>>> print(open('start-v3.cif').read())   # mmCIF, N, CA, C and O atoms
data_work
#
loop_
_atom_site.label_atom_id
_atom_site.label_comp_id
_atom_site.auth_asym_id
_atom_site.auth_seq_id
_atom_site.Cartn_x
_atom_site.Cartn_y
_atom_site.Cartn_z
N MET M 1 100.64 90.91 85.48
CA MET M 1 101.60 90.47 86.47
C MET M 1 101.60 91.45 87.64
O MET M 1 101.64 92.66 87.46
N ALA M 2 101.54 90.94 88.83
CA ALA M 2 101.51 91.78 90.02
C ALA M 2 102.89 92.38 90.29
O ALA M 2 103.91 91.74 90.06
N ARG M 3 102.89 93.63 90.75
CA ARG M 3 104.12 94.31 91.12
C ARG M 3 104.08 94.59 92.61
O ARG M 3 103.04 94.91 93.17
N THR M 4 105.23 94.49 93.24
CA THR M 4 105.34 94.76 94.67
C THR M 4 105.53 96.25 94.89
O THR M 4 106.30 96.89 94.18
N VAL M 5 104.80 96.79 95.88
CA VAL M 5 104.92 98.20 96.23
C VAL M 5 105.09 98.32 97.75
O VAL M 5 104.73 97.42 98.50
N ILE M 6 105.68 99.44 98.16
CA ILE M 6 105.69 99.81 99.57
C ILE M 6 104.65 100.89 99.71
O ILE M 6 104.76 101.96 99.10
N LEU M 7 103.63 100.60 100.47
CA LEU M 7 102.47 101.48 100.62
C LEU M 7 102.62 102.27 101.92
O LEU M 7 102.71 101.69 102.99
N HIS M 8 102.66 103.59 101.81
CA HIS M 8 102.77 104.47 102.98
C HIS M 8 101.38 105.02 103.27
O HIS M 8 100.88 105.88 102.56
N ILE M 9 100.76 104.49 104.32
CA ILE M 9 99.41 104.87 104.72
C ILE M 9 99.52 105.90 105.83
O ILE M 9 100.32 105.74 106.76
N ALA M 10 98.72 106.94 105.76
CA ALA M 10 98.76 108.01 106.77
C ALA M 10 98.54 107.45 108.17
O ALA M 10 97.59 106.72 108.41
N GLY M 11 99.47 107.75 109.08
CA GLY M 11 99.35 107.33 110.46
C GLY M 11 99.72 105.88 110.74
O GLY M 11 99.52 105.40 111.84
N GLU M 12 100.23 105.16 109.76
CA GLU M 12 100.59 103.74 109.92
C GLU M 12 102.03 103.52 109.46
O GLU M 12 102.59 104.34 108.74
N ASP M 13 102.60 102.39 109.85
CA ASP M 13 103.91 102.00 109.35
C ASP M 13 103.77 101.56 107.89
O ASP M 13 102.72 101.02 107.51
N PRO M 14 104.81 101.75 107.07
CA PRO M 14 104.74 101.27 105.69
C PRO M 14 104.54 99.76 105.62
O PRO M 14 105.02 99.02 106.49
N VAL M 15 103.82 99.31 104.60
CA VAL M 15 103.56 97.88 104.41
C VAL M 15 103.87 97.51 102.96
O VAL M 15 103.83 98.36 102.07
N LEU M 16 104.18 96.25 102.75
CA LEU M 16 104.36 95.73 101.41
C LEU M 16 103.02 95.23 100.90
O LEU M 16 102.20 94.72 101.67
N ALA M 17 102.81 95.36 99.61
CA ALA M 17 101.59 94.86 98.99
C ALA M 17 101.86 94.62 97.51
O ALA M 17 102.89 95.03 96.98
N ASP M 18 100.94 93.95 96.85
CA ASP M 18 101.03 93.71 95.41
C ASP M 18 99.89 94.45 94.73
O ASP M 18 98.78 94.52 95.26
N ILE M 19 100.19 95.02 93.55
CA ILE M 19 99.15 95.66 92.74
C ILE M 19 99.17 95.03 91.36
O ILE M 19 100.23 94.60 90.88
N ASP M 20 98.01 94.95 90.72
CA ASP M 20 97.92 94.37 89.38
C ASP M 20 98.34 95.36 88.31
O ASP M 20 98.92 94.98 87.30
N GLN M 21 98.01 96.63 88.51
CA GLN M 21 98.41 97.67 87.56
C GLN M 21 98.72 98.95 88.31
O GLN M 21 98.22 99.17 89.40
N GLU M 22 99.57 99.77 87.72
CA GLU M 22 99.94 101.03 88.37
C GLU M 22 98.73 101.96 88.42
O GLU M 22 97.89 101.95 87.51
N PRO M 23 98.62 102.75 89.49
CA PRO M 23 97.48 103.68 89.60
C PRO M 23 97.49 104.70 88.47
O PRO M 23 98.54 105.13 88.00
N GLN M 24 96.30 105.09 88.05
CA GLN M 24 96.13 106.09 87.00
C GLN M 24 95.69 107.41 87.63
O GLN M 24 95.10 107.42 88.72
N PRO M 25 95.93 108.54 86.97
CA PRO M 25 95.57 109.84 87.55
C PRO M 25 94.10 109.99 87.93
O PRO M 25 93.77 110.68 88.88
N GLY M 26 93.19 109.35 87.24
CA GLY M 26 91.77 109.49 87.52
C GLY M 26 91.23 108.52 88.57
O GLY M 26 90.05 108.58 88.91
N ASP M 27 92.06 107.64 89.09
CA ASP M 27 91.60 106.65 90.07
C ASP M 27 91.19 107.32 91.37
O ASP M 27 91.82 108.26 91.84
N MET M 28 90.14 106.79 92.00
CA MET M 28 89.65 107.29 93.27
C MET M 28 90.17 106.47 94.45
O MET M 28 90.08 106.88 95.59
N PHE M 29 90.69 105.29 94.17
CA PHE M 29 91.17 104.38 95.21
C PHE M 29 92.26 103.50 94.63
O PHE M 29 92.48 103.48 93.42
N ILE M 30 92.93 102.75 95.50
CA ILE M 30 93.91 101.76 95.04
C ILE M 30 93.54 100.43 95.68
O ILE M 30 93.21 100.36 96.87
N LYS M 31 93.58 99.37 94.88
CA LYS M 31 93.29 98.02 95.36
C LYS M 31 94.60 97.26 95.43
O LYS M 31 95.35 97.20 94.45
N VAL M 32 94.91 96.71 96.62
CA VAL M 32 96.14 95.96 96.82
C VAL M 32 95.80 94.55 97.30
O VAL M 32 94.75 94.32 97.89
N THR M 33 96.69 93.62 97.04
CA THR M 33 96.55 92.24 97.50
C THR M 33 97.81 91.85 98.25
O THR M 33 98.83 92.53 98.18
N ASN M 34 97.72 90.74 98.97
CA ASN M 34 98.88 90.18 99.68
C ASN M 34 99.56 91.22 100.56
O ASN M 34 100.78 91.36 100.55
N MET M 35 98.79 91.94 101.35
CA MET M 35 99.34 92.97 102.23
C MET M 35 100.05 92.35 103.40
O MET M 35 99.54 91.42 104.02
N ARG M 36 101.26 92.84 103.70
CA ARG M 36 102.07 92.30 104.79
C ARG M 36 103.02 93.38 105.29
O ARG M 36 103.27 94.36 104.60
N LYS M 37 103.53 93.18 106.51
CA LYS M 37 104.54 94.10 107.03
C LYS M 37 105.82 93.93 106.23
O LYS M 37 106.01 92.95 105.51
N ARG M 38 106.73 94.88 106.39
CA ARG M 38 107.99 94.82 105.64
C ARG M 38 108.83 93.61 106.02
O ARG M 38 109.65 93.16 105.23
N ASP M 39 108.63 93.06 107.22
CA ASP M 39 109.37 91.86 107.63
C ASP M 39 108.64 90.58 107.24
O ASP M 39 109.06 89.48 107.59
N GLY M 40 107.52 90.69 106.51
CA GLY M 40 106.78 89.53 106.03
C GLY M 40 105.67 89.05 106.95
O GLY M 40 104.91 88.15 106.59
N LYS M 41 105.53 89.63 108.13
CA LYS M 41 104.49 89.22 109.08
C LYS M 41 103.14 89.79 108.67
O LYS M 41 103.05 90.70 107.86
N ASP M 42 102.07 89.24 109.26
CA ASP M 42 100.71 89.70 108.98
C ASP M 42 100.51 91.12 109.50
O ASP M 42 101.07 91.51 110.52
N VAL M 43 99.66 91.87 108.81
CA VAL M 43 99.28 93.21 109.25
C VAL M 43 98.23 93.05 110.34
O VAL M 43 97.20 92.40 110.11
N PRO M 44 98.46 93.62 111.53
CA PRO M 44 97.57 93.32 112.67
C PRO M 44 96.14 93.84 112.54
O PRO M 44 95.23 93.28 113.13
N TYR M 45 95.90 94.89 111.76
CA TYR M 45 94.55 95.45 111.68
C TYR M 45 93.70 94.82 110.58
O TYR M 45 92.58 95.25 110.34
N LEU M 46 94.22 93.79 109.91
CA LEU M 46 93.43 93.07 108.91
C LEU M 46 92.90 91.77 109.51
O LEU M 46 93.60 91.10 110.27
N ALA M 47 91.69 91.42 109.14
CA ALA M 47 91.10 90.16 109.60
C ALA M 47 91.82 88.98 108.93
O ALA M 47 92.31 89.12 107.81
N PRO M 48 91.89 87.84 109.60
CA PRO M 48 92.53 86.67 108.99
C PRO M 48 91.81 86.28 107.69
O PRO M 48 90.59 86.31 107.61
N GLY M 49 92.59 85.96 106.68
CA GLY M 49 92.03 85.50 105.42
C GLY M 49 91.71 86.60 104.41
O GLY M 49 91.23 86.30 103.32
N VAL M 50 91.98 87.86 104.74
CA VAL M 50 91.70 88.96 103.80
C VAL M 50 92.61 88.81 102.58
O VAL M 50 93.82 88.63 102.73
N GLN M 51 92.03 88.87 101.38
CA GLN M 51 92.82 88.71 100.16
C GLN M 51 93.18 90.03 99.52
O GLN M 51 94.25 90.16 98.95
N SER M 52 92.28 91.01 99.57
CA SER M 52 92.58 92.31 98.97
C SER M 52 91.97 93.42 99.81
O SER M 52 91.02 93.20 100.57
N VAL M 53 92.56 94.61 99.69
CA VAL M 53 92.12 95.77 100.45
C VAL M 53 92.02 96.95 99.48
O VAL M 53 92.87 97.11 98.60
N ILE M 54 90.99 97.77 99.64
CA ILE M 54 90.81 98.97 98.82
C ILE M 54 90.97 100.18 99.73
O ILE M 54 90.28 100.31 100.74
N PHE M 55 91.92 101.06 99.37
CA PHE M 55 92.17 102.28 100.14
C PHE M 55 91.79 103.50 99.31
O PHE M 55 92.17 103.59 98.13
N PRO M 56 91.09 104.47 99.90
CA PRO M 56 90.87 105.74 99.20
C PRO M 56 92.17 106.53 99.17
O PRO M 56 93.04 106.38 100.04
N TRP M 57 92.35 107.36 98.17
CA TRP M 57 93.61 108.09 98.01
C TRP M 57 93.93 109.01 99.18
O TRP M 57 95.09 109.25 99.48
N TRP M 58 92.92 109.53 99.89
CA TRP M 58 93.22 110.45 100.97
C TRP M 58 93.94 109.76 102.12
O TRP M 58 94.56 110.41 102.95
N ARG M 59 93.94 108.41 102.16
CA ARG M 59 94.66 107.67 103.20
C ARG M 59 96.11 107.38 102.81
O ARG M 59 96.92 106.99 103.64
N ILE M 60 96.45 107.55 101.55
CA ILE M 60 97.78 107.18 101.04
C ILE M 60 98.67 108.42 101.01
O ILE M 60 98.33 109.44 100.41
N THR M 61 99.85 108.31 101.66
CA THR M 61 100.83 109.39 101.61
C THR M 61 101.62 109.31 100.31
O THR M 61 101.71 110.27 99.57
N PHE M 62 102.21 108.16 100.05
CA PHE M 62 102.86 107.90 98.77
C PHE M 62 103.09 106.41 98.61
O PHE M 62 102.93 105.63 99.55
N ILE M 63 103.47 106.00 97.38
CA ILE M 63 103.69 104.60 97.04
C ILE M 63 105.06 104.47 96.40
O ILE M 63 105.40 105.23 95.50
N GLU M 64 105.83 103.49 96.86
CA GLU M 64 107.10 103.17 96.23
C GLU M 64 106.89 101.91 95.39
O GLU M 64 106.50 100.88 95.92
N ILE M 65 107.14 102.00 94.09
CA ILE M 65 106.98 100.86 93.19
C ILE M 65 108.34 100.20 93.04
O ILE M 65 109.29 100.82 92.55
N MET M 66 108.43 98.96 93.47
CA MET M 66 109.69 98.23 93.44
C MET M 66 109.92 97.64 92.04
O MET M 66 108.96 97.29 91.35
N PRO M 67 111.18 97.52 91.61
CA PRO M 67 111.44 96.93 90.29
C PRO M 67 111.10 95.45 90.29
O PRO M 67 111.24 94.76 91.31
N SER M 68 110.66 94.96 89.13
CA SER M 68 110.37 93.54 89.00
C SER M 68 111.68 92.76 88.93
O SER M 68 112.76 93.34 88.80
N GLU M 69 111.60 91.44 89.01
CA GLU M 69 112.80 90.61 89.01
C GLU M 69 113.61 90.80 87.72
O GLU M 69 114.82 90.86 87.76
N GLU M 70 112.94 90.89 86.56
CA GLU M 70 113.68 91.06 85.31
C GLU M 70 114.27 92.46 85.18
O GLU M 70 115.29 92.65 84.55
N ASP M 71 113.62 93.48 85.80
CA ASP M 71 114.15 94.83 85.78
C ASP M 71 115.28 95.02 86.78
O ASP M 71 116.09 95.93 86.64
N ARG M 72 115.33 94.18 87.80
CA ARG M 72 116.33 94.33 88.87
C ARG M 72 117.76 94.27 88.34
O ARG M 72 118.66 94.92 88.85
N GLY M 73 118.01 93.52 87.28
CA GLY M 73 119.35 93.42 86.70
C GLY M 73 119.84 94.73 86.12
O GLY M 73 121.04 94.99 86.06
N SER M 74 118.91 95.59 85.66
CA SER M 74 119.31 96.86 85.06
C SER M 74 119.29 98.03 86.03
O SER M 74 119.68 99.13 85.69
N VAL M 75 118.87 97.79 87.28
CA VAL M 75 118.82 98.86 88.29
C VAL M 75 120.17 98.96 88.98
O VAL M 75 120.74 97.96 89.41
N ILE M 76 120.69 100.16 89.06
CA ILE M 76 121.95 100.39 89.76
C ILE M 76 121.63 100.82 91.18
O ILE M 76 121.01 101.86 91.39
N ASP M 77 122.03 100.01 92.13
CA ASP M 77 121.83 100.35 93.55
C ASP M 77 122.96 101.24 94.01
O ASP M 77 124.11 101.08 93.60
N PHE M 78 122.64 102.19 94.86
CA PHE M 78 123.65 103.06 95.43
C PHE M 78 124.25 102.40 96.66
O PHE M 78 123.57 101.72 97.40
N PHE M 79 125.53 102.60 96.84
CA PHE M 79 126.19 102.00 97.99
C PHE M 79 127.29 102.91 98.48
O PHE M 79 127.75 103.80 97.77
N ARG M 80 127.70 102.70 99.70
CA ARG M 80 128.75 103.47 100.32
C ARG M 80 130.04 102.66 100.39
O ARG M 80 130.00 101.49 100.68
N THR M 81 131.16 103.32 100.19
CA THR M 81 132.44 102.61 100.30
C THR M 81 133.20 103.10 101.50
O THR M 81 132.92 104.07 102.09
#
>>> encode(input="start-v3.cif", output="structure tokens")
Amino acid sequence: MARTVILHIAGEDPVLADIDQEPQPGDMFIKVTNMRKRDGKDVPYLAPGVQSVIFPWWRITFIEIMPSEEDRGSVIDFFRT
């Protein structure tokens, strides 16, 4: 099952993407699918019709792994009163 992540690429705005499995310590790259801006629009530097992108780790600053829909019920969101 694909998980949604926020991918922080060096020198670029963060983008949303899907990954099939979480990265492992020995991986040399990360493969993502369904890459899009955070507002859902197309990423301008990708050609039309691109299905997946492979990034080497030196381009990635960090990755935020979002909870799945079934996990979302058990996540406590912080809020201000």
>>> closest_residue(input="start-v3.cif", among="M:Arg3, M:Ile65, M:Glu12, M:Pro48", to="Val32 (chain M)", atoms="all atoms listed in the file")
M:Arg3
>>> resolve_selection(input="start-v3.cif", expression="the PyMOL selection byres (((chain M and resi 15-22 and name CA) around 9) and name CA)", output="PyMOL selection string")
chain M and resi 1-9+12-14+23-24+30-40+43+65
>>> select_by_dssp(input="start-v3.cif", residues="region 10-45 of chain M", states="strand (DSSP E or B)", output="PyMOL selection string")
chain M and resi 15-19+29-37
>>> atom_distance(input="start-v3.cif", atom1="atom N of Gly49 (chain M)", atom2="CA of Ile63 (chain M)")
23.7 Å
>>> residues_around(input="start-v3.cif", residues="Met28 (chain M)", least_positions_apart="3", cutoff="6 Å", atoms="all atoms listed in the file", output="ChimeraX atom specification")
/M:24,55-58
>>> write_last_selection(input="start-v3.cif", atoms="N, CA, C and O atoms", output="PDB file, in the frame of the given file")
ATOM      1  N   GLN M  24      96.300 105.090  88.050  1.00  0.00           N
ATOM      2  CA  GLN M  24      96.130 106.090  87.000  1.00  0.00           C
ATOM      3  C   GLN M  24      95.690 107.410  87.630  1.00  0.00           C
ATOM      4  O   GLN M  24      95.100 107.420  88.720  1.00  0.00           O
ATOM      5  N   PHE M  55      91.920 101.060  99.370  1.00  0.00           N
ATOM      6  CA  PHE M  55      92.170 102.280 100.140  1.00  0.00           C
ATOM      7  C   PHE M  55      91.790 103.500  99.310  1.00  0.00           C
ATOM      8  O   PHE M  55      92.170 103.590  98.130  1.00  0.00           O
ATOM      9  N   PRO M  56      91.090 104.470  99.900  1.00  0.00           N
ATOM     10  CA  PRO M  56      90.870 105.740  99.200  1.00  0.00           C
ATOM     11  C   PRO M  56      92.170 106.530  99.170  1.00  0.00           C
ATOM     12  O   PRO M  56      93.040 106.380 100.040  1.00  0.00           O
ATOM     13  N   TRP M  57      92.350 107.360  98.170  1.00  0.00           N
ATOM     14  CA  TRP M  57      93.610 108.090  98.010  1.00  0.00           C
ATOM     15  C   TRP M  57      93.930 109.010  99.180  1.00  0.00           C
ATOM     16  O   TRP M  57      95.090 109.250  99.480  1.00  0.00           O
ATOM     17  N   TRP M  58      92.920 109.530  99.890  1.00  0.00           N
ATOM     18  CA  TRP M  58      93.220 110.450 100.970  1.00  0.00           C
ATOM     19  C   TRP M  58      93.940 109.760 102.120  1.00  0.00           C
ATOM     20  O   TRP M  58      94.560 110.410 102.950  1.00  0.00           O
TER      21      TRP M  58
END
>>> select_by_dssp(input="start-v3.cif", residues="chain M", states="alpha helix (DSSP H)", output="PyMOL selection string")
chain M and resi 69-72
>>> atom_distance(input="start-v3.cif", atom1="CA of Pro44 (chain M)", atom2="atom O of Gly26 (chain M)")
29.2 Å
>>> atom_distance(input="start-v3.cif", atom1="CA of Asp27 (chain M)", atom2="CA of Thr61 (chain M)")
15.0 Å
